[in-house]
Amino acid sequence: MIPSLDQVLRAELDELAASGLRRELRRIQERAGATATIGGHALLNFSSNDYLGLATHPALAEAAARAATDLGSGSAASRLVCGSLDIHHELEAELAAWEGSPACLAFSSGFAAALGTIPALVGPDDVIILDKLSHACLIDAARLSTARLRVFRHNDLNQLAEHLRWADSLQATRRPRVLVVTESVFSMDGDTAPLPDLVKLKDHHGAWLFLDEAHGTGLFGPARAGLADHFGLASRIDVRMGTLGKAVGSAGGFIAGSTTLIEFLVHRARSFVFSTAPVPAAAAAACAGVRLIRSPEGLQRCTRTWSNAHALASAIPGSTSAQSPIIPWILGTETDALDRSLRLRQAGILAPAIRYPTVPRNKARIRFTVSAEHTPADLAHLAAALQDAARPPA
Ligand SMILES: *Cc1c(COP(=O)(O)O)cnc(C)c1O
């Protein structure tokens, strides 16, 4: 008998479960500050990407509610048809001013921004060189582009240089476009890219740089606009991408760059052209989020997040300093990570195990993140729970 769809899928799911890779959705009943209530238990949440605590901030919720009341719940069409509302243009102007770039384009998610932009810029005659730890959306976008792919070891600029020399040597009817793709802050390791040297290197080879600032936005630099802002390199990075769903506290993604780049993407980024515009509430909340980050309250929140990150780093076994609010406790096997995560949960801490395929096999970990909403008492509670969870299983 030919197996049915469900039989085929069930067999695959059973295999995942057998290798400790079964996943489930944790249903959150309530959120307040850094606390999430699951199954009636209030847990201290150390796993959110809401680094500045803006996702539940009243100013953003009010902006979203007002936009829904004034403009409606939906955007009704893609931006190019009749969905380009004032609030989208306002958001893009706010983002461009913040990011110190001539122009910005908003997408419905960071994933969509990457998926639309990278294949618009390079094609089959071109080359993409990607950091090994790049996010799934960058890998998928690179594959979708059909450009030739080369991967360099994480943050290894020597290997990147080798790939760039290889790309320079390619014979073709036209000079191949070469796009280097990396992240400013790596989502599962919390370390940062060596941006100044990276920029020098790509300039030396006349390559373009696509920088995913998903975990840098809101946290680095005098304007808190990202790692490029921190190094004063915004104008030298060809394409910068960010999300509005993490530190900005709403949903959506954006590309920052030249007016020519943005005009080109309006024509060529398929996830922009062929997708309904972000809903007014999300755009309005993002706009309010950016304004808040740029305000004195934004500075205070960012400062709290960083001091929490340093406190967290000193509590995690084997970790020394915080390069970002993401600090992994790398354990190795899937079962070890699951076991420690369960013990933390019994101590009132929400910090899920991160497993393959989100991280490489045998690099299973608990990924901790902090936000501006964590109090010193929250961090002390985590430190005590970690001491317990660090003991070998009974
Ligand atoms: C979360 C994330 C994205 C995707 O952004 P969304 O707005 O959530 O779609 C892209 N890149 C990295 C590194 C991320 O962590």
# chains A, B, ... in the order shown; residues from 1 in each chain; ligands from 1
>>> residues_near_ligand(ligand="ligand 1", cutoff="7 Å", atoms="only C-alpha atoms and all ligand atoms", output="list in words")
Ser109, Gly110, Phe111, Ala112, Ser134, His135, Cys137, Glu183, Phe186, Ser187, Asp212, Glu213, Ala214, His215, Thr243, Leu244, Gly245, Ala251, Gly252 and Gly253 of chain A
>>> select_by_dssp(residues="segment 75-171 of chain A", states="helix (DSSP H, G or I)", output="MDAnalysis selection string")
chainID A and resid 79:83 86:99 110:121 136:145 157:168
>>> write_last_selection(atoms="C-alpha atoms", output="PDB file, in the first residue's frame")
ATOM      1  CA  ARG A  79       2.172  48.791  -1.143  1.00  0.00           C
ATOM      2  CA  LEU A  80       2.378  49.145  -4.951  1.00  0.00           C
ATOM      3  CA  VAL A  81      -1.350  48.603  -5.490  1.00  0.00           C
ATOM      4  CA  CYS A  82      -3.210  50.708  -2.909  1.00  0.00           C
ATOM      5  CA  GLY A  83      -1.700  49.667   0.427  1.00  0.00           C
ATOM      6  CA  ASP A  86       0.863  57.437   5.465  1.00  0.00           C
ATOM      7  CA  ILE A  87       1.935  55.374   8.463  1.00  0.00           C
ATOM      8  CA  HIS A  88       4.260  53.222   6.297  1.00  0.00           C
ATOM      9  CA  HIS A  89       5.948  56.317   4.876  1.00  0.00           C
ATOM     10  CA  GLU A  90       6.176  57.852   8.343  1.00  0.00           C
ATOM     11  CA  LEU A  91       7.786  54.666   9.654  1.00  0.00           C
ATOM     12  CA  GLU A  92      10.304  54.578   6.797  1.00  0.00           C
ATOM     13  CA  ALA A  93      11.260  58.230   7.354  1.00  0.00           C
ATOM     14  CA  GLU A  94      11.680  57.569  11.079  1.00  0.00           C
ATOM     15  CA  LEU A  95      13.795  54.477  10.388  1.00  0.00           C
ATOM     16  CA  ALA A  96      16.005  56.287   7.847  1.00  0.00           C
ATOM     17  CA  ALA A  97      16.642  59.179  10.256  1.00  0.00           C
ATOM     18  CA  TRP A  98      17.443  56.748  13.050  1.00  0.00           C
ATOM     19  CA  GLU A  99      19.682  54.494  10.984  1.00  0.00           C
ATOM     20  CA  GLY A 110      12.722  40.493   8.814  1.00  0.00           C
ATOM     21  CA  PHE A 111      12.530  37.091   7.127  1.00  0.00           C
ATOM     22  CA  ALA A 112      10.596  38.633   4.227  1.00  0.00           C
ATOM     23  CA  ALA A 113      13.113  41.496   3.996  1.00  0.00           C
ATOM     24  CA  ALA A 114      16.004  39.064   3.531  1.00  0.00           C
ATOM     25  CA  LEU A 115      14.079  36.779   1.198  1.00  0.00           C
ATOM     26  CA  GLY A 116      13.037  39.676  -1.023  1.00  0.00           C
ATOM     27  CA  THR A 117      16.278  41.624  -1.035  1.00  0.00           C
ATOM     28  CA  ILE A 118      19.107  39.136  -1.550  1.00  0.00           C
ATOM     29  CA  PRO A 119      17.668  37.440  -4.667  1.00  0.00           C
ATOM     30  CA  ALA A 120      16.882  40.902  -6.075  1.00  0.00           C
ATOM     31  CA  LEU A 121      20.547  41.877  -5.871  1.00  0.00           C
ATOM     32  CA  ALA A 136      17.956  30.552   8.222  1.00  0.00           C
ATOM     33  CA  CYS A 137      16.421  33.488   6.330  1.00  0.00           C
ATOM     34  CA  LEU A 138      19.846  34.468   4.952  1.00  0.00           C
ATOM     35  CA  ILE A 139      20.603  30.900   3.883  1.00  0.00           C
ATOM     36  CA  ASP A 140      17.204  30.498   2.249  1.00  0.00           C
ATOM     37  CA  ALA A 141      17.542  33.862   0.507  1.00  0.00           C
ATOM     38  CA  ALA A 142      21.002  32.917  -0.759  1.00  0.00           C
ATOM     39  CA  ARG A 143      19.695  29.618  -2.148  1.00  0.00           C
ATOM     40  CA  LEU A 144      16.703  31.317  -3.713  1.00  0.00           C
ATOM     41  CA  SER A 145      19.008  33.742  -5.516  1.00  0.00           C
ATOM     42  CA  LEU A 157      38.090  36.823   7.822  1.00  0.00           C
ATOM     43  CA  ASN A 158      41.050  34.867   6.439  1.00  0.00           C
ATOM     44  CA  GLN A 159      38.703  32.343   4.921  1.00  0.00           C
ATOM     45  CA  LEU A 160      36.421  35.125   3.738  1.00  0.00           C
ATOM     46  CA  ALA A 161      39.451  36.695   2.000  1.00  0.00           C
ATOM     47  CA  GLU A 162      40.211  33.369   0.283  1.00  0.00           C
ATOM     48  CA  HIS A 163      36.660  33.196  -1.049  1.00  0.00           C
ATOM     49  CA  LEU A 164      36.851  36.826  -2.192  1.00  0.00           C
ATOM     50  CA  ARG A 165      40.086  36.095  -4.086  1.00  0.00           C
ATOM     51  CA  TRP A 166      38.414  33.096  -5.695  1.00  0.00           C
ATOM     52  CA  ALA A 167      35.460  35.276  -6.723  1.00  0.00           C
ATOM     53  CA  ASP A 168      37.861  37.873  -8.196  1.00  0.00           C
TER      54      ASP A 168
END
>>> closest_residue(among="A:Gly72, A:Pro58, A:Pro352, A:Gly20", to="Pro280 of chain A", atoms="only C-alpha atoms")
A:Gly72
>>> residues_around(residues="Ile262 of chain A", least_positions_apart="4", cutoff="8 Å", atoms="only C-alpha atoms", output="JSON, numbers by chain")
{"A": [103, 104, 105, 255, 256, 257, 258, 266]}
>>> write_last_selection(atoms="N, CA, C and O atoms", output="mmCIF file, in the first residue's frame")
data_model
loop_
_atom_site.group_PDB
_atom_site.id
_atom_site.type_symbol
_atom_site.label_atom_id
_atom_site.label_comp_id
_atom_site.auth_asym_id
_atom_site.auth_seq_id
_atom_site.Cartn_x
_atom_site.Cartn_y
_atom_site.Cartn_z
ATOM 1 N N ALA A 103 17.644 56.185 2.925
ATOM 2 C CA ALA A 103 16.286 55.660 2.750
ATOM 3 C C ALA A 103 16.134 54.311 3.438
ATOM 4 O O ALA A 103 17.115 53.651 3.781
ATOM 5 N N CYS A 104 14.867 53.939 3.642
ATOM 6 C CA CYS A 104 14.521 52.653 4.258
ATOM 7 C C CYS A 104 13.290 52.097 3.585
ATOM 8 O O CYS A 104 12.451 52.854 3.078
ATOM 9 N N LEU A 105 13.161 50.774 3.599
ATOM 10 C CA LEU A 105 11.954 50.136 3.088
ATOM 11 C C LEU A 105 11.464 49.136 4.128
ATOM 12 O O LEU A 105 12.240 48.318 4.624
ATOM 13 N N ILE A 255 14.893 47.314 5.349
ATOM 14 C CA ILE A 255 16.207 47.444 4.715
ATOM 15 C C ILE A 255 16.559 48.921 4.743
ATOM 16 O O ILE A 255 15.715 49.774 4.436
ATOM 17 N N ALA A 256 17.801 49.234 5.121
ATOM 18 C CA ALA A 256 18.293 50.611 5.116
ATOM 19 C C ALA A 256 19.434 50.699 4.114
ATOM 20 O O ALA A 256 20.286 49.804 4.054
ATOM 21 N N GLY A 257 19.444 51.764 3.329
ATOM 22 C CA GLY A 257 20.516 51.938 2.348
ATOM 23 C C GLY A 257 20.308 53.201 1.539
ATOM 24 O O GLY A 257 19.614 54.125 1.970
ATOM 25 N N SER A 258 20.892 53.203 0.347
ATOM 26 C CA SER A 258 20.807 54.394 -0.510
ATOM 27 C C SER A 258 19.400 54.525 -1.085
ATOM 28 O O SER A 258 18.632 53.561 -1.120
ATOM 29 N N VAL A 266 11.827 48.434 -4.380
ATOM 30 C CA VAL A 266 10.387 48.647 -4.598
ATOM 31 C C VAL A 266 9.948 47.965 -5.896
ATOM 32 O O VAL A 266 8.827 47.468 -6.012
#
>>> atom_distance(atom1="atom CA of Ser341 of chain A", atom2="atom CA of Cys302 of chain A")
27.1 Å
>>> residues_around(residues="Leu342 of chain A", least_positions_apart="5", cutoff="12 Å", atoms="only C-alpha atoms", output="PyMOL selection string")
chain A and resi 335-337+347-353+366+385-386+388-389+393
>>> write_last_selection(atoms="N, CA, C and O atoms", output="short mmCIF file (atom, residue, chain, number, x, y, z; two decimals), in the first residue's frame")
data_model
loop_
_atom_site.label_atom_id
_atom_site.label_comp_id
_atom_site.auth_asym_id
_atom_site.auth_seq_id
_atom_site.Cartn_x
_atom_site.Cartn_y
_atom_site.Cartn_z
N THR A 335 19.77 15.86 25.01
CA THR A 335 19.13 15.46 26.26
C THR A 335 19.68 16.26 27.44
O THR A 335 18.92 16.62 28.34
N ASP A 336 20.97 16.56 27.42
CA ASP A 336 21.53 17.37 28.50
C ASP A 336 20.87 18.75 28.53
O ASP A 336 20.44 19.24 29.58
N ALA A 337 20.75 19.35 27.36
CA ALA A 337 20.14 20.69 27.28
C ALA A 337 18.68 20.64 27.74
O ALA A 337 18.22 21.50 28.50
N ALA A 347 12.46 25.54 38.67
CA ALA A 347 12.85 26.63 39.57
C ALA A 347 12.21 27.96 39.16
O ALA A 347 12.60 29.02 39.66
N GLY A 348 11.24 27.89 38.21
CA GLY A 348 10.50 29.10 37.87
C GLY A 348 11.15 29.94 36.77
O GLY A 348 10.85 31.13 36.63
N ILE A 349 12.03 29.32 35.97
CA ILE A 349 12.75 30.06 34.92
C ILE A 349 12.37 29.51 33.55
O ILE A 349 12.44 28.30 33.32
N LEU A 350 12.01 30.39 32.64
CA LEU A 350 11.72 29.98 31.27
C LEU A 350 12.95 30.24 30.41
O LEU A 350 13.29 31.40 30.13
N ALA A 351 13.62 29.17 30.03
CA ALA A 351 14.83 29.27 29.19
C ALA A 351 14.94 27.97 28.42
O ALA A 351 15.57 27.02 28.85
N PRO A 352 14.30 27.91 27.25
CA PRO A 352 14.21 26.65 26.51
C PRO A 352 15.54 26.18 25.94
O PRO A 352 16.44 26.98 25.67
N ALA A 353 15.63 24.86 25.76
CA ALA A 353 16.79 24.26 25.10
C ALA A 353 16.71 24.60 23.62
O ALA A 353 15.65 24.52 23.01
N ILE A 366 21.30 26.10 26.16
CA ILE A 366 20.22 26.94 26.64
C ILE A 366 20.63 28.36 26.28
O ILE A 366 21.75 28.79 26.58
N ALA A 385 19.32 29.48 40.60
CA ALA A 385 18.79 28.34 39.86
C ALA A 385 19.86 27.72 38.99
O ALA A 385 19.91 26.50 38.80
N LEU A 386 20.75 28.55 38.45
CA LEU A 386 21.82 28.05 37.58
C LEU A 386 22.82 27.21 38.36
O LEU A 386 23.31 26.19 37.86
N ASP A 388 22.20 25.36 40.84
CA ASP A 388 21.55 24.05 41.00
C ASP A 388 21.59 23.25 39.71
O ASP A 388 21.94 22.08 39.70
N ALA A 389 21.19 23.92 38.61
CA ALA A 389 21.06 23.21 37.34
C ALA A 389 22.43 22.79 36.81
O ALA A 389 22.52 21.89 35.96
N PRO A 393 23.30 15.65 36.57
CA PRO A 393 21.99 15.09 36.84
C PRO A 393 22.06 14.02 37.91
O PRO A 393 23.03 13.27 37.96
#
>>> residues_around(residues="Gly289 of chain A", least_positions_apart="3", cutoff="8 Å", atoms="only C-alpha atoms", output="NGL selection string")
:A and (54 or 60 or 248-250 or 285-286 or 292-293)
>>> write_last_selection(atoms="N, CA, C and O atoms", output="PDB file, in the first residue's frame")
ATOM      1  N   LEU A  54       9.811  46.566  25.132  1.00  0.00           N
ATOM      2  CA  LEU A  54       8.838  47.428  24.449  1.00  0.00           C
ATOM      3  C   LEU A  54       7.608  46.681  23.946  1.00  0.00           C
ATOM      4  O   LEU A  54       6.593  47.299  23.645  1.00  0.00           O
ATOM      5  N   LEU A  60       3.496  51.853  22.943  1.00  0.00           N
ATOM      6  CA  LEU A  60       3.388  51.136  21.667  1.00  0.00           C
ATOM      7  C   LEU A  60       1.995  50.544  21.490  1.00  0.00           C
ATOM      8  O   LEU A  60       1.416  50.599  20.408  1.00  0.00           O
ATOM      9  N   VAL A 248      12.598  46.514  18.875  1.00  0.00           N
ATOM     10  CA  VAL A 248      11.654  47.588  18.531  1.00  0.00           C
ATOM     11  C   VAL A 248      10.244  47.292  19.062  1.00  0.00           C
ATOM     12  O   VAL A 248       9.413  48.190  19.171  1.00  0.00           O
ATOM     13  N   GLY A 249       9.959  46.050  19.419  1.00  0.00           N
ATOM     14  CA  GLY A 249       8.726  45.747  20.145  1.00  0.00           C
ATOM     15  C   GLY A 249       7.457  45.630  19.313  1.00  0.00           C
ATOM     16  O   GLY A 249       6.358  45.618  19.857  1.00  0.00           O
ATOM     17  N   SER A 250       7.581  45.527  17.981  1.00  0.00           N
ATOM     18  CA  SER A 250       6.374  45.384  17.163  1.00  0.00           C
ATOM     19  C   SER A 250       6.535  44.170  16.256  1.00  0.00           C
ATOM     20  O   SER A 250       6.855  43.076  16.747  1.00  0.00           O
ATOM     21  N   ALA A 285       3.004  50.903  15.819  1.00  0.00           N
ATOM     22  CA  ALA A 285       3.724  50.479  17.027  1.00  0.00           C
ATOM     23  C   ALA A 285       5.225  50.527  16.784  1.00  0.00           C
ATOM     24  O   ALA A 285       6.001  50.927  17.663  1.00  0.00           O
ATOM     25  N   ALA A 286       5.660  50.131  15.586  1.00  0.00           N
ATOM     26  CA  ALA A 286       7.092  50.168  15.267  1.00  0.00           C
ATOM     27  C   ALA A 286       7.598  51.604  15.292  1.00  0.00           C
ATOM     28  O   ALA A 286       8.681  51.896  15.813  1.00  0.00           O
ATOM     29  N   LEU A 292      10.682  55.787  20.857  1.00  0.00           N
ATOM     30  CA  LEU A 292      10.995  55.525  22.267  1.00  0.00           C
ATOM     31  C   LEU A 292      12.470  55.151  22.443  1.00  0.00           C
ATOM     32  O   LEU A 292      13.131  55.617  23.361  1.00  0.00           O
ATOM     33  N   ILE A 293      12.982  54.322  21.537  1.00  0.00           N
ATOM     34  CA  ILE A 293      14.398  53.921  21.636  1.00  0.00           C
ATOM     35  C   ILE A 293      15.310  55.140  21.532  1.00  0.00           C
ATOM     36  O   ILE A 293      16.332  55.235  22.211  1.00  0.00           O
TER      37      ILE A 293
END
>>> residues_around(residues="Pro222 of chain A", least_positions_apart="2", cutoff="12 Å", atoms="only C-alpha atoms", output="PDB file with N, CA, C and O atoms, in the first residue's frame")
ATOM      1  N   TRP A  98      16.810  57.470  11.939  1.00  0.00           N
ATOM      2  CA  TRP A  98      17.443  56.748  13.050  1.00  0.00           C
ATOM      3  C   TRP A  98      18.694  56.024  12.594  1.00  0.00           C
ATOM      4  O   TRP A  98      19.761  56.078  13.216  1.00  0.00           O
ATOM      5  N   GLU A  99      18.575  55.318  11.482  1.00  0.00           N
ATOM      6  CA  GLU A  99      19.682  54.494  10.984  1.00  0.00           C
ATOM      7  C   GLU A  99      20.748  55.337  10.294  1.00  0.00           C
ATOM      8  O   GLU A  99      21.779  54.812   9.880  1.00  0.00           O
ATOM      9  N   GLY A 100      20.485  56.639  10.135  1.00  0.00           N
ATOM     10  CA  GLY A 100      21.464  57.492   9.460  1.00  0.00           C
ATOM     11  C   GLY A 100      21.693  57.049   8.035  1.00  0.00           C
ATOM     12  O   GLY A 100      22.810  57.064   7.537  1.00  0.00           O
ATOM     13  N   THR A 217      19.994  46.036  16.389  1.00  0.00           N
ATOM     14  CA  THR A 217      19.092  47.173  16.411  1.00  0.00           C
ATOM     15  C   THR A 217      18.598  47.445  17.834  1.00  0.00           C
ATOM     16  O   THR A 217      18.145  46.531  18.511  1.00  0.00           O
ATOM     17  N   GLY A 218      18.715  48.690  18.271  1.00  0.00           N
ATOM     18  CA  GLY A 218      18.185  49.063  19.587  1.00  0.00           C
ATOM     19  C   GLY A 218      19.191  48.930  20.711  1.00  0.00           C
ATOM     20  O   GLY A 218      18.922  49.353  21.837  1.00  0.00           O
ATOM     21  N   LEU A 219      20.358  48.322  20.426  1.00  0.00           N
ATOM     22  CA  LEU A 219      21.262  47.956  21.522  1.00  0.00           C
ATOM     23  C   LEU A 219      22.675  48.511  21.409  1.00  0.00           C
ATOM     24  O   LEU A 219      23.397  48.554  22.396  1.00  0.00           O
ATOM     25  N   PHE A 220      23.086  48.892  20.210  1.00  0.00           N
ATOM     26  CA  PHE A 220      24.476  49.328  20.019  1.00  0.00           C
ATOM     27  C   PHE A 220      24.517  50.720  19.405  1.00  0.00           C
ATOM     28  O   PHE A 220      23.668  51.062  18.587  1.00  0.00           O
ATOM     29  N   ARG A 224      21.766  53.972  19.307  1.00  0.00           N
ATOM     30  CA  ARG A 224      21.206  52.641  19.561  1.00  0.00           C
ATOM     31  C   ARG A 224      20.584  52.053  18.283  1.00  0.00           C
ATOM     32  O   ARG A 224      19.604  51.327  18.319  1.00  0.00           O
ATOM     33  N   ALA A 225      21.201  52.384  17.132  1.00  0.00           N
ATOM     34  CA  ALA A 225      20.658  51.939  15.847  1.00  0.00           C
ATOM     35  C   ALA A 225      21.252  50.614  15.386  1.00  0.00           C
ATOM     36  O   ALA A 225      20.775  50.029  14.420  1.00  0.00           O
ATOM     37  N   GLY A 226      22.308  50.141  16.060  1.00  0.00           N
ATOM     38  CA  GLY A 226      22.877  48.857  15.670  1.00  0.00           C
ATOM     39  C   GLY A 226      24.395  48.881  15.737  1.00  0.00           C
ATOM     40  O   GLY A 226      25.004  49.892  16.091  1.00  0.00           O
ATOM     41  N   LEU A 227      25.001  47.737  15.389  1.00  0.00           N
ATOM     42  CA  LEU A 227      26.463  47.635  15.482  1.00  0.00           C
ATOM     43  C   LEU A 227      27.155  48.569  14.477  1.00  0.00           C
ATOM     44  O   LEU A 227      28.228  49.100  14.754  1.00  0.00           O
ATOM     45  N   ALA A 228      26.539  48.779  13.315  1.00  0.00           N
ATOM     46  CA  ALA A 228      27.098  49.708  12.322  1.00  0.00           C
ATOM     47  C   ALA A 228      27.153  51.110  12.922  1.00  0.00           C
ATOM     48  O   ALA A 228      28.109  51.859  12.701  1.00  0.00           O
ATOM     49  N   ASP A 229      26.159  51.468  13.681  1.00  0.00           N
ATOM     50  CA  ASP A 229      26.110  52.761  14.377  1.00  0.00           C
ATOM     51  C   ASP A 229      27.247  52.835  15.406  1.00  0.00           C
ATOM     52  O   ASP A 229      27.964  53.831  15.488  1.00  0.00           O
ATOM     53  N   HIS A 230      27.444  51.750  16.137  1.00  0.00           N
ATOM     54  CA  HIS A 230      28.501  51.704  17.147  1.00  0.00           C
ATOM     55  C   HIS A 230      29.866  52.000  16.518  1.00  0.00           C
ATOM     56  O   HIS A 230      30.674  52.733  17.086  1.00  0.00           O
ATOM     57  N   PHE A 231      30.125  51.444  15.339  1.00  0.00           N
ATOM     58  CA  PHE A 231      31.427  51.630  14.698  1.00  0.00           C
ATOM     59  C   PHE A 231      31.443  52.838  13.751  1.00  0.00           C
ATOM     60  O   PHE A 231      32.458  53.076  13.094  1.00  0.00           O
ATOM     61  N   GLY A 232      30.335  53.544  13.642  1.00  0.00           N
ATOM     62  CA  GLY A 232      30.282  54.677  12.711  1.00  0.00           C
ATOM     63  C   GLY A 232      30.441  54.248  11.258  1.00  0.00           C
ATOM     64  O   GLY A 232      31.004  54.966  10.442  1.00  0.00           O
ATOM     65  N   ILE A 293      12.982  54.322  21.537  1.00  0.00           N
ATOM     66  CA  ILE A 293      14.398  53.921  21.636  1.00  0.00           C
ATOM     67  C   ILE A 293      15.310  55.140  21.532  1.00  0.00           C
ATOM     68  O   ILE A 293      16.332  55.235  22.211  1.00  0.00           O
ATOM     69  N   ARG A 294      14.903  56.110  20.688  1.00  0.00           N
ATOM     70  CA  ARG A 294      15.739  57.303  20.490  1.00  0.00           C
ATOM     71  C   ARG A 294      15.602  58.311  21.630  1.00  0.00           C
ATOM     72  O   ARG A 294      16.352  59.281  21.687  1.00  0.00           O
ATOM     73  N   SER A 295      14.654  58.101  22.542  1.00  0.00           N
ATOM     74  CA  SER A 295      14.378  59.057  23.622  1.00  0.00           C
ATOM     75  C   SER A 295      15.253  58.756  24.846  1.00  0.00           C
ATOM     76  O   SER A 295      15.891  57.706  24.919  1.00  0.00           O
ATOM     77  N   PRO A 296      15.263  59.669  25.832  1.00  0.00           N
ATOM     78  CA  PRO A 296      15.995  59.386  27.073  1.00  0.00           C
ATOM     79  C   PRO A 296      15.528  58.083  27.738  1.00  0.00           C
ATOM     80  O   PRO A 296      16.342  57.346  28.303  1.00  0.00           O
ATOM     81  N   GLY A 298      14.638  55.463  26.186  1.00  0.00           N
ATOM     82  CA  GLY A 298      15.307  54.413  25.411  1.00  0.00           C
ATOM     83  C   GLY A 298      16.721  54.199  25.913  1.00  0.00           C
ATOM     84  O   GLY A 298      17.181  53.054  26.052  1.00  0.00           O
ATOM     85  N   LEU A 299      17.414  55.287  26.179  1.00  0.00           N
ATOM     86  CA  LEU A 299      18.779  55.186  26.703  1.00  0.00           C
ATOM     87  C   LEU A 299      18.774  54.462  28.049  1.00  0.00           C
ATOM     88  O   LEU A 299      19.585  53.562  28.285  1.00  0.00           O
ATOM     89  N   CYS A 302      18.115  50.770  27.512  1.00  0.00           N
ATOM     90  CA  CYS A 302      19.281  50.111  26.914  1.00  0.00           C
ATOM     91  C   CYS A 302      20.363  49.906  27.982  1.00  0.00           C
ATOM     92  O   CYS A 302      20.989  48.831  28.040  1.00  0.00           O
ATOM     93  N   THR A 303      20.570  50.902  28.813  1.00  0.00           N
ATOM     94  CA  THR A 303      21.583  50.799  29.876  1.00  0.00           C
ATOM     95  C   THR A 303      21.229  49.661  30.834  1.00  0.00           C
ATOM     96  O   THR A 303      22.096  48.879  31.247  1.00  0.00           O
TER      97      THR A 303
END
>>> atom_distance(atom1="atom CA of Thr182 of chain A", atom2="atom CA of Leu149 of chain A")
13.2 Å
>>> residues_around(residues="Gly33 of chain A", least_positions_apart="6", cutoff="10 Å", atoms="only C-alpha atoms", output="mmCIF file with N, CA, C and O atoms, in the first residue's frame")
data_model
loop_
_atom_site.group_PDB
_atom_site.id
_atom_site.type_symbol
_atom_site.label_atom_id
_atom_site.label_comp_id
_atom_site.auth_asym_id
_atom_site.auth_seq_id
_atom_site.Cartn_x
_atom_site.Cartn_y
_atom_site.Cartn_z
ATOM 1 N N LEU A 44 9.807 33.338 35.193
ATOM 2 C CA LEU A 44 10.672 34.444 34.796
ATOM 3 C C LEU A 44 11.204 34.138 33.407
ATOM 4 O O LEU A 44 11.865 33.114 33.211
ATOM 5 N N ASN A 45 10.940 35.025 32.473
ATOM 6 C CA ASN A 45 11.265 34.740 31.080
ATOM 7 C C ASN A 45 12.675 35.226 30.736
ATOM 8 O O ASN A 45 12.938 36.422 30.707
ATOM 9 N N GLY A 53 12.069 45.567 26.414
ATOM 10 C CA GLY A 53 10.777 45.499 27.109
ATOM 11 C C GLY A 53 9.701 46.346 26.436
ATOM 12 O O GLY A 53 8.746 46.780 27.089
ATOM 13 N N LEU A 54 9.811 46.566 25.132
ATOM 14 C CA LEU A 54 8.838 47.428 24.449
ATOM 15 C C LEU A 54 7.608 46.681 23.946
ATOM 16 O O LEU A 54 6.593 47.299 23.645
ATOM 17 N N ALA A 55 7.679 45.350 23.872
ATOM 18 C CA ALA A 55 6.550 44.599 23.294
ATOM 19 C C ALA A 55 5.281 44.738 24.123
ATOM 20 O O ALA A 55 4.173 44.562 23.600
ATOM 21 N N THR A 56 5.431 45.069 25.393
ATOM 22 C CA THR A 56 4.235 45.267 26.225
ATOM 23 C C THR A 56 4.208 46.698 26.786
ATOM 24 O O THR A 56 3.535 46.974 27.776
ATOM 25 N N HIS A 57 4.940 47.600 26.154
ATOM 26 C CA HIS A 57 4.981 48.991 26.631
ATOM 27 C C HIS A 57 3.680 49.709 26.249
ATOM 28 O O HIS A 57 3.235 49.620 25.106
ATOM 29 N N SER A 371 16.368 41.358 29.346
ATOM 30 C CA SER A 371 15.712 42.556 28.852
ATOM 31 C C SER A 371 15.813 43.639 29.912
ATOM 32 O O SER A 371 16.277 43.379 31.040
ATOM 33 N N ALA A 372 15.355 44.822 29.540
ATOM 34 C CA ALA A 372 15.353 45.943 30.478
ATOM 35 C C ALA A 372 14.366 45.699 31.617
ATOM 36 O O ALA A 372 14.403 46.377 32.640
ATOM 37 N N GLU A 373 13.466 44.714 31.429
ATOM 38 C CA GLU A 373 12.431 44.463 32.437
ATOM 39 C C GLU A 373 12.916 43.582 33.590
ATOM 40 O O GLU A 373 12.241 43.479 34.614
ATOM 41 N N HIS A 374 14.049 42.923 33.428
ATOM 42 C CA HIS A 374 14.543 42.098 34.532
ATOM 43 C C HIS A 374 15.062 42.977 35.656
ATOM 44 O O HIS A 374 15.780 43.949 35.413
ATOM 45 N N THR A 375 14.721 42.601 36.886
ATOM 46 C CA THR A 375 15.188 43.343 38.061
ATOM 47 C C THR A 375 16.420 42.629 38.626
ATOM 48 O O THR A 375 16.669 41.461 38.307
#
>>> atom_distance(atom1="atom CA of Thr276 of chain A", atom2="atom CA of Glu62 of chain A")
23.3 Å
>>> select_by_dssp(residues="segment 70-318 of chain A", states="strand (DSSP E)", output="short mmCIF file (atom, residue, chain, number, x, y, z; two decimals) with C-alpha atoms, in the first residue's frame")
data_model
loop_
_atom_site.label_atom_id
_atom_site.label_comp_id
_atom_site.auth_asym_id
_atom_site.auth_seq_id
_atom_site.Cartn_x
_atom_site.Cartn_y
_atom_site.Cartn_z
CA ALA A 103 16.29 55.66 2.75
CA CYS A 104 14.52 52.65 4.26
CA LEU A 105 11.95 50.14 3.09
CA ALA A 106 9.58 48.34 5.47
CA PHE A 107 8.65 44.68 4.99
CA VAL A 127 28.53 34.96 -5.85
CA ILE A 128 27.29 35.03 -2.25
CA ILE A 129 29.77 34.49 0.59
CA LEU A 130 28.04 33.70 3.85
CA ASP A 131 29.12 33.37 7.48
CA ARG A 148 27.11 30.48 -6.38
CA LEU A 149 27.49 30.05 -2.61
CA ARG A 150 30.62 29.97 -0.50
CA VAL A 151 30.54 29.68 3.29
CA PHE A 152 33.29 30.97 5.58
CA VAL A 178 29.89 39.51 -5.04
CA LEU A 179 27.69 39.82 -1.95
CA VAL A 180 29.08 39.11 1.52
CA VAL A 181 26.27 38.21 3.94
CA THR A 182 26.60 38.18 7.71
CA GLU A 183 24.99 39.25 10.99
CA TRP A 208 28.98 44.40 -1.38
CA LEU A 209 28.03 43.76 2.25
CA PHE A 210 24.58 42.69 3.46
CA LEU A 211 24.44 43.04 7.24
CA ASP A 212 21.59 41.50 9.27
CA VAL A 239 22.64 46.87 2.61
CA ARG A 240 21.54 46.85 6.24
CA MET A 241 18.61 44.77 7.40
CA GLY A 242 16.75 44.92 10.68
CA THR A 243 13.66 43.52 12.31
CA GLY A 253 11.43 44.14 9.00
CA PHE A 254 13.34 46.79 7.09
CA ILE A 255 16.21 47.44 4.71
CA ALA A 256 18.29 50.61 5.12
CA GLY A 257 20.52 51.94 2.35
#
